[in-house]
Amino acid sequence: MNWISNYVRPTINSLFSRREVPENLWSKCPECGTMLFHRELADNLNVCTSCDHHMALRARDRLATLFDLGVFTEVPIPDPITDPLNFRDQKRYPDRMKAAQKSTGEKDAMLVGEGSIGKTPVVVAVQDFSFMGGSMGMYVGNAFIVAAKRAIKLKRPLIVFSAAGGARMQEGILSLMQMPRTTVAIEMLKEAGLPYIVVLTHPTTGGVTASYAMLGDVHIAEPNALIGFAGQRVIEQTLGEKLPEGFQRAEYLLDHGMLDRVTHRKQIREELITICRMLMGQSAAIKGSLPAPDEEPADPAKKPKAGKKK
């Protein structure tokens with residue numbers, strides 16, 4: 001046995017060999033190309049620290065950053081019929097669902113939670129674009145209706161974060177039926193006198209835009225979010241005209257009266273607290289836990305003057 005070849009050399013190589021670095025430690029901003037450390041990006045709510053580009057945020061992470069102390073109760077959603085059309089393209093629909101569930105850890109494209117934001121009780125539904133493009137199927141319709149009914153039962157505002165490529169083609173006409181279903185649920189909220197607030201994130205398109213995403217009492221959008229029904233190329237081919245720069249982006253829609261606000265992701269939580277309390281007729285939220293100081297601090301050396309006796 002060669003002691004140097006079999007022991008010494010492998011030991012030295014192991015000491016100076018290049019250590020493997022996990023691939024998920026860095027993310028590249030799709031807008032400016034800056035490499036961002038994962039902890040720094042998470043602390044900044046998935047907003048690029050260089051160019052302020054708003055990247056996608058998972059539904060569960062969105063709820064955790066929204067609710068007080070990140071604590072919320074997940075509302076159970078009834079499961080719809082599995083593969084009602086026996087749909088198959090390159091893959092079977094159930095196989096696509098299993099792959100999406102495995103990659104995201106979620107059952108489907110919408111998550112519903114209830115809790116408090118700024119000590120204001122609310123019900124929140126969030127679409128997850130990473131789950132099959134946030135497509136609206138029967139499960140999403142069920143989730144929206146459950147969220148609306150829960151808000152009515154608890155007499156709370158309903159907040160919806162939309163992010164979708166449209167209806168889910170694997171469910172055909174059944175996915176399109178979710179448009180009138182969610183519209184009826186919104187009417188139930190209005191009859192109950194409860195606020196319905198929509199936060200449109202990138203992207204919100206198709207049947208989602210044509211239904212519950214644009215039926216809110218208040219519409220807020222994240223900066224530069226793509227919002228529209230049909231794609232820009234389809235519209236240009238139909239009209240035979242070149243569309244304006246920034247068409248279907250949040251800032252353009254705000255300028256043309258389609259939105260109420262375009263708000264940075266870091267400021268959305270405070271804005272939602274203010275709007276919810278205002279629409280529910282509640283007093284403004286108190287920031288901090290200490291009482292406001294007196295205008296003129298009392299001097300302990302001075303005693304209050306006794307009032308004159310009658």
# chains A, B, ... in the order shown; residues from 1 in each chain; ligands from 1

call {"tool": "residues_around", "arguments": {"residues": "Asn224 (chain A)", "least_positions_apart": "2", "cutoff": "7 Å", "atoms": "only C-alpha atoms", "output": "list in words"}}
result
Glu222, Leu226, Arg249, Ala250 and Glu251 of chain A

call {"tool": "write_last_selection", "arguments": {"atoms": "C-alpha atoms", "output": "short mmCIF file (atom, residue, chain, number, x, y, z; two decimals), in the first residue's frame"}}
result
data_model
loop_
_atom_site.label_atom_id
_atom_site.label_comp_id
_atom_site.auth_asym_id
_atom_site.auth_seq_id
_atom_site.Cartn_x
_atom_site.Cartn_y
_atom_site.Cartn_z
CA GLU A 222 -48.24 46.69 -7.38
CA LEU A 226 -49.34 43.57 -16.08
CA ARG A 249 -49.24 48.23 -16.98
CA ALA A 250 -50.43 49.40 -13.57
CA GLU A 251 -49.23 53.00 -13.96
#

call {"tool": "residues_around", "arguments": {"residues": "Gln178 (chain A)", "least_positions_apart": "6", "cutoff": "10 Å", "atoms": "only C-alpha atoms", "output": "VMD selection string"}}
result
chain A and resid 136 to 142 144 to 145 167 184 207 to 208 211 to 212

call {"tool": "select_by_dssp", "arguments": {"residues": "region 61-261 of chain A", "states": "strand (DSSP E)", "output": "PyMOL selection string"}}
result
chain A and resi 73-74+110-117+120-127+158-164+196-204+218-221+261

call {"tool": "write_last_selection", "arguments": {"atoms": "N, CA, C and O atoms", "output": "short mmCIF file (atom, residue, chain, number, x, y, z; two decimals), in the first residue's frame"}}
result
data_model
loop_
_atom_site.label_atom_id
_atom_site.label_comp_id
_atom_site.auth_asym_id
_atom_site.auth_seq_id
_atom_site.Cartn_x
_atom_site.Cartn_y
_atom_site.Cartn_z
N THR A 73 -55.09 31.81 10.28
CA THR A 73 -55.74 30.50 10.25
C THR A 73 -56.13 30.19 8.81
O THR A 73 -56.85 30.96 8.18
N GLU A 74 -55.66 29.08 8.31
CA GLU A 74 -55.99 28.70 6.94
C GLU A 74 -57.41 28.15 6.89
O GLU A 74 -57.80 27.29 7.69
N MET A 110 -55.12 28.92 -5.15
CA MET A 110 -55.60 29.97 -4.24
C MET A 110 -55.57 29.47 -2.81
O MET A 110 -55.91 28.32 -2.52
N LEU A 111 -55.12 30.36 -1.93
CA LEU A 111 -55.02 30.08 -0.50
C LEU A 111 -55.84 31.12 0.25
O LEU A 111 -55.76 32.31 -0.05
N VAL A 112 -56.63 30.67 1.23
CA VAL A 112 -57.50 31.58 1.99
C VAL A 112 -57.09 31.53 3.46
O VAL A 112 -56.93 30.45 4.04
N GLY A 113 -56.90 32.69 4.04
CA GLY A 113 -56.55 32.78 5.45
C GLY A 113 -57.36 33.85 6.15
O GLY A 113 -57.82 34.81 5.53
N GLU A 114 -57.54 33.69 7.45
CA GLU A 114 -58.23 34.70 8.27
C GLU A 114 -57.40 35.03 9.48
O GLU A 114 -56.67 34.20 10.02
N GLY A 115 -57.47 36.29 9.88
CA GLY A 115 -56.68 36.76 11.01
C GLY A 115 -56.82 38.26 11.13
O GLY A 115 -57.84 38.83 10.73
N SER A 116 -55.78 38.91 11.65
CA SER A 116 -55.83 40.35 11.85
C SER A 116 -54.62 41.01 11.22
O SER A 116 -53.51 40.49 11.27
N ILE A 117 -54.86 42.18 10.62
CA ILE A 117 -53.77 43.03 10.15
C ILE A 117 -53.92 44.37 10.85
O ILE A 117 -54.94 45.03 10.76
N THR A 120 -56.93 44.55 12.91
CA THR A 120 -58.18 44.66 12.17
C THR A 120 -58.53 43.29 11.59
O THR A 120 -57.80 42.78 10.74
N PRO A 121 -59.59 42.63 12.04
CA PRO A 121 -59.93 41.29 11.54
C PRO A 121 -60.32 41.33 10.06
O PRO A 121 -61.15 42.16 9.65
N VAL A 122 -59.72 40.44 9.27
CA VAL A 122 -60.00 40.38 7.84
C VAL A 122 -59.97 38.93 7.37
O VAL A 122 -59.48 38.03 8.06
N VAL A 123 -60.48 38.72 6.17
CA VAL A 123 -60.33 37.45 5.44
C VAL A 123 -59.58 37.76 4.16
O VAL A 123 -59.90 38.73 3.46
N VAL A 124 -58.56 36.97 3.86
CA VAL A 124 -57.69 37.24 2.71
C VAL A 124 -57.59 36.00 1.83
O VAL A 124 -57.38 34.88 2.33
N ALA A 125 -57.75 36.19 0.52
CA ALA A 125 -57.56 35.12 -0.46
C ALA A 125 -56.43 35.54 -1.39
O ALA A 125 -56.43 36.66 -1.91
N VAL A 126 -55.47 34.64 -1.61
CA VAL A 126 -54.29 34.96 -2.42
C VAL A 126 -54.12 33.91 -3.50
O VAL A 126 -54.14 32.70 -3.23
N GLN A 127 -53.93 34.37 -4.74
CA GLN A 127 -53.62 33.47 -5.84
C GLN A 127 -52.11 33.28 -5.95
O GLN A 127 -51.35 34.23 -5.73
N LEU A 158 -63.18 41.54 2.93
CA LEU A 158 -62.51 40.52 2.13
C LEU A 158 -61.46 41.19 1.26
O LEU A 158 -61.76 42.14 0.53
N ILE A 159 -60.23 40.69 1.35
CA ILE A 159 -59.12 41.19 0.54
C ILE A 159 -58.66 40.06 -0.36
O ILE A 159 -58.43 38.95 0.09
N VAL A 160 -58.52 40.34 -1.65
CA VAL A 160 -58.08 39.34 -2.62
C VAL A 160 -56.85 39.85 -3.34
O VAL A 160 -56.82 40.98 -3.85
N PHE A 161 -55.80 39.03 -3.38
CA PHE A 161 -54.61 39.29 -4.16
C PHE A 161 -54.69 38.43 -5.42
O PHE A 161 -54.65 37.20 -5.35
N SER A 162 -54.82 39.09 -6.57
CA SER A 162 -54.96 38.35 -7.83
C SER A 162 -53.62 38.20 -8.53
O SER A 162 -52.78 39.11 -8.52
N ALA A 163 -53.42 37.04 -9.15
CA ALA A 163 -52.23 36.77 -9.97
C ALA A 163 -52.57 35.55 -10.82
O ALA A 163 -52.56 34.43 -10.31
N ALA A 164 -52.88 35.76 -12.09
CA ALA A 164 -53.35 34.64 -12.89
C ALA A 164 -53.16 34.90 -14.37
O ALA A 164 -53.17 36.05 -14.82
N TYR A 196 -64.94 44.97 -0.16
CA TYR A 196 -64.23 44.00 -0.99
C TYR A 196 -63.09 44.75 -1.67
O TYR A 196 -63.31 45.62 -2.51
N ILE A 197 -61.86 44.40 -1.30
CA ILE A 197 -60.67 45.11 -1.77
C ILE A 197 -59.82 44.16 -2.60
O ILE A 197 -59.57 43.01 -2.18
N VAL A 198 -59.37 44.62 -3.76
CA VAL A 198 -58.56 43.80 -4.65
C VAL A 198 -57.17 44.41 -4.79
O VAL A 198 -57.04 45.62 -5.04
N VAL A 199 -56.15 43.58 -4.63
CA VAL A 199 -54.77 43.97 -4.90
C VAL A 199 -54.31 43.18 -6.11
O VAL A 199 -54.17 41.96 -6.06
N LEU A 200 -54.09 43.88 -7.22
CA LEU A 200 -53.70 43.22 -8.47
C LEU A 200 -52.19 43.16 -8.56
O LEU A 200 -51.50 44.18 -8.50
N THR A 201 -51.65 41.93 -8.68
CA THR A 201 -50.22 41.74 -8.77
C THR A 201 -49.88 41.22 -10.17
O THR A 201 -50.75 40.91 -10.97
N HIS A 202 -48.61 41.14 -10.45
CA HIS A 202 -48.14 40.76 -11.78
C HIS A 202 -48.10 39.24 -11.95
O HIS A 202 -47.50 38.56 -11.14
N PRO A 203 -48.71 38.70 -13.01
CA PRO A 203 -49.67 39.35 -13.91
C PRO A 203 -51.09 38.99 -13.51
O PRO A 203 -51.33 37.95 -12.89
N THR A 204 -52.05 39.81 -13.89
CA THR A 204 -53.48 39.51 -13.71
C THR A 204 -54.15 39.67 -15.08
O THR A 204 -54.29 40.79 -15.56
N VAL A 218 -62.33 48.88 -3.91
CA VAL A 218 -61.06 49.59 -4.05
C VAL A 218 -60.10 48.68 -4.82
O VAL A 218 -60.01 47.49 -4.53
N HIS A 219 -59.38 49.26 -5.79
CA HIS A 219 -58.41 48.51 -6.58
C HIS A 219 -57.02 49.09 -6.36
O HIS A 219 -56.78 50.26 -6.66
N ILE A 220 -56.13 48.25 -5.85
CA ILE A 220 -54.74 48.62 -5.64
C ILE A 220 -53.89 47.69 -6.51
O ILE A 220 -54.22 46.52 -6.68
N ALA A 221 -52.81 48.20 -7.07
CA ALA A 221 -51.92 47.38 -7.88
C ALA A 221 -50.47 47.59 -7.45
O ALA A 221 -50.10 48.67 -6.97
N ARG A 261 -55.09 53.03 -6.79
CA ARG A 261 -53.74 53.31 -6.29
C ARG A 261 -52.76 52.33 -6.91
O ARG A 261 -53.11 51.19 -7.23
#

call {"tool": "atom_distance", "arguments": {"atom1": "CA of Glu245 (chain A)", "atom2": "CA of His53 (chain A)"}}
result
18.3 Å

call {"tool": "residues_around", "arguments": {"residues": "Lys28 (chain A)", "least_positions_apart": "5", "cutoff": "10 Å", "atoms": "only C-alpha atoms", "output": "list in words"}}
result
Gly33, Thr34, Met35, Leu36, Phe37, His38 and Cys48 of chain A

call {"tool": "select_by_dssp", "arguments": {"residues": "region 81-166 of chain A", "states": "helix (DSSP H, G or I)", "output": "PyMOL selection string"}}
result
chain A and resi 93-104+132-134+138-154

call {"tool": "write_last_selection", "arguments": {"atoms": "C-alpha atoms", "output": "PDB file, in the first residue's frame"}}
result
ATOM      1  CA  TYR A  93     -54.372  16.696 -16.196  1.00  0.00           C
ATOM      2  CA  PRO A  94     -53.998  14.757 -12.903  1.00  0.00           C
ATOM      3  CA  ASP A  95     -50.272  14.380 -13.631  1.00  0.00           C
ATOM      4  CA  ARG A  96     -49.932  18.135 -14.139  1.00  0.00           C
ATOM      5  CA  MET A  97     -51.769  18.731 -10.878  1.00  0.00           C
ATOM      6  CA  LYS A  98     -49.487  16.370  -8.967  1.00  0.00           C
ATOM      7  CA  ALA A  99     -46.399  18.038 -10.419  1.00  0.00           C
ATOM      8  CA  ALA A 100     -47.683  21.499  -9.464  1.00  0.00           C
ATOM      9  CA  GLN A 101     -48.615  20.337  -5.961  1.00  0.00           C
ATOM     10  CA  LYS A 102     -45.187  18.812  -5.483  1.00  0.00           C
ATOM     11  CA  SER A 103     -43.288  21.911  -6.667  1.00  0.00           C
ATOM     12  CA  THR A 104     -45.377  24.436  -4.696  1.00  0.00           C
ATOM     13  CA  MET A 132     -50.076  26.386 -13.069  1.00  0.00           C
ATOM     14  CA  GLY A 133     -49.895  30.110 -13.765  1.00  0.00           C
ATOM     15  CA  GLY A 134     -52.453  30.881 -11.059  1.00  0.00           C
ATOM     16  CA  MET A 138     -63.166  24.990  -9.955  1.00  0.00           C
ATOM     17  CA  TYR A 139     -60.949  24.928  -6.856  1.00  0.00           C
ATOM     18  CA  VAL A 140     -60.214  28.662  -7.183  1.00  0.00           C
ATOM     19  CA  GLY A 141     -63.942  29.322  -7.574  1.00  0.00           C
ATOM     20  CA  ASN A 142     -64.658  27.276  -4.452  1.00  0.00           C
ATOM     21  CA  ALA A 143     -61.922  29.110  -2.544  1.00  0.00           C
ATOM     22  CA  PHE A 144     -63.281  32.524  -3.487  1.00  0.00           C
ATOM     23  CA  ILE A 145     -66.835  31.607  -2.478  1.00  0.00           C
ATOM     24  CA  VAL A 146     -65.630  30.125   0.822  1.00  0.00           C
ATOM     25  CA  ALA A 147     -63.655  33.323   1.504  1.00  0.00           C
ATOM     26  CA  ALA A 148     -66.703  35.495   0.753  1.00  0.00           C
ATOM     27  CA  LYS A 149     -69.020  33.398   2.930  1.00  0.00           C
ATOM     28  CA  ARG A 150     -66.466  33.407   5.739  1.00  0.00           C
ATOM     29  CA  ALA A 151     -66.173  37.204   5.542  1.00  0.00           C
ATOM     30  CA  ILE A 152     -69.972  37.536   5.674  1.00  0.00           C
ATOM     31  CA  LYS A 153     -70.262  35.161   8.630  1.00  0.00           C
ATOM     32  CA  LEU A 154     -67.546  36.951  10.612  1.00  0.00           C
TER      33      LEU A 154
END

call {"tool": "closest_residue", "arguments": {"among": "A:Thr49, A:Gln267, A:Thr205, A:Ser283", "to": "Gln248 (chain A)", "atoms": "only C-alpha atoms"}}
result
A:Thr205

call {"tool": "atom_distance", "arguments": {"atom1": "CA of Ala185 (chain A)", "atom2": "CA of Gln170 (chain A)"}}
result
23.7 Å

call {"tool": "residues_around", "arguments": {"residues": "Cys32 (chain A)", "least_positions_apart": "3", "cutoff": "8 Å", "atoms": "only C-alpha atoms", "output": "PyMOL selection string"}}
result
chain A and resi 29+50-51

call {"tool": "closest_residue", "arguments": {"among": "A:Asp260, A:Glu40, A:Glu270, A:Asp79", "to": "Trp26 (chain A)", "atoms": "only C-alpha atoms"}}
result
A:Glu40
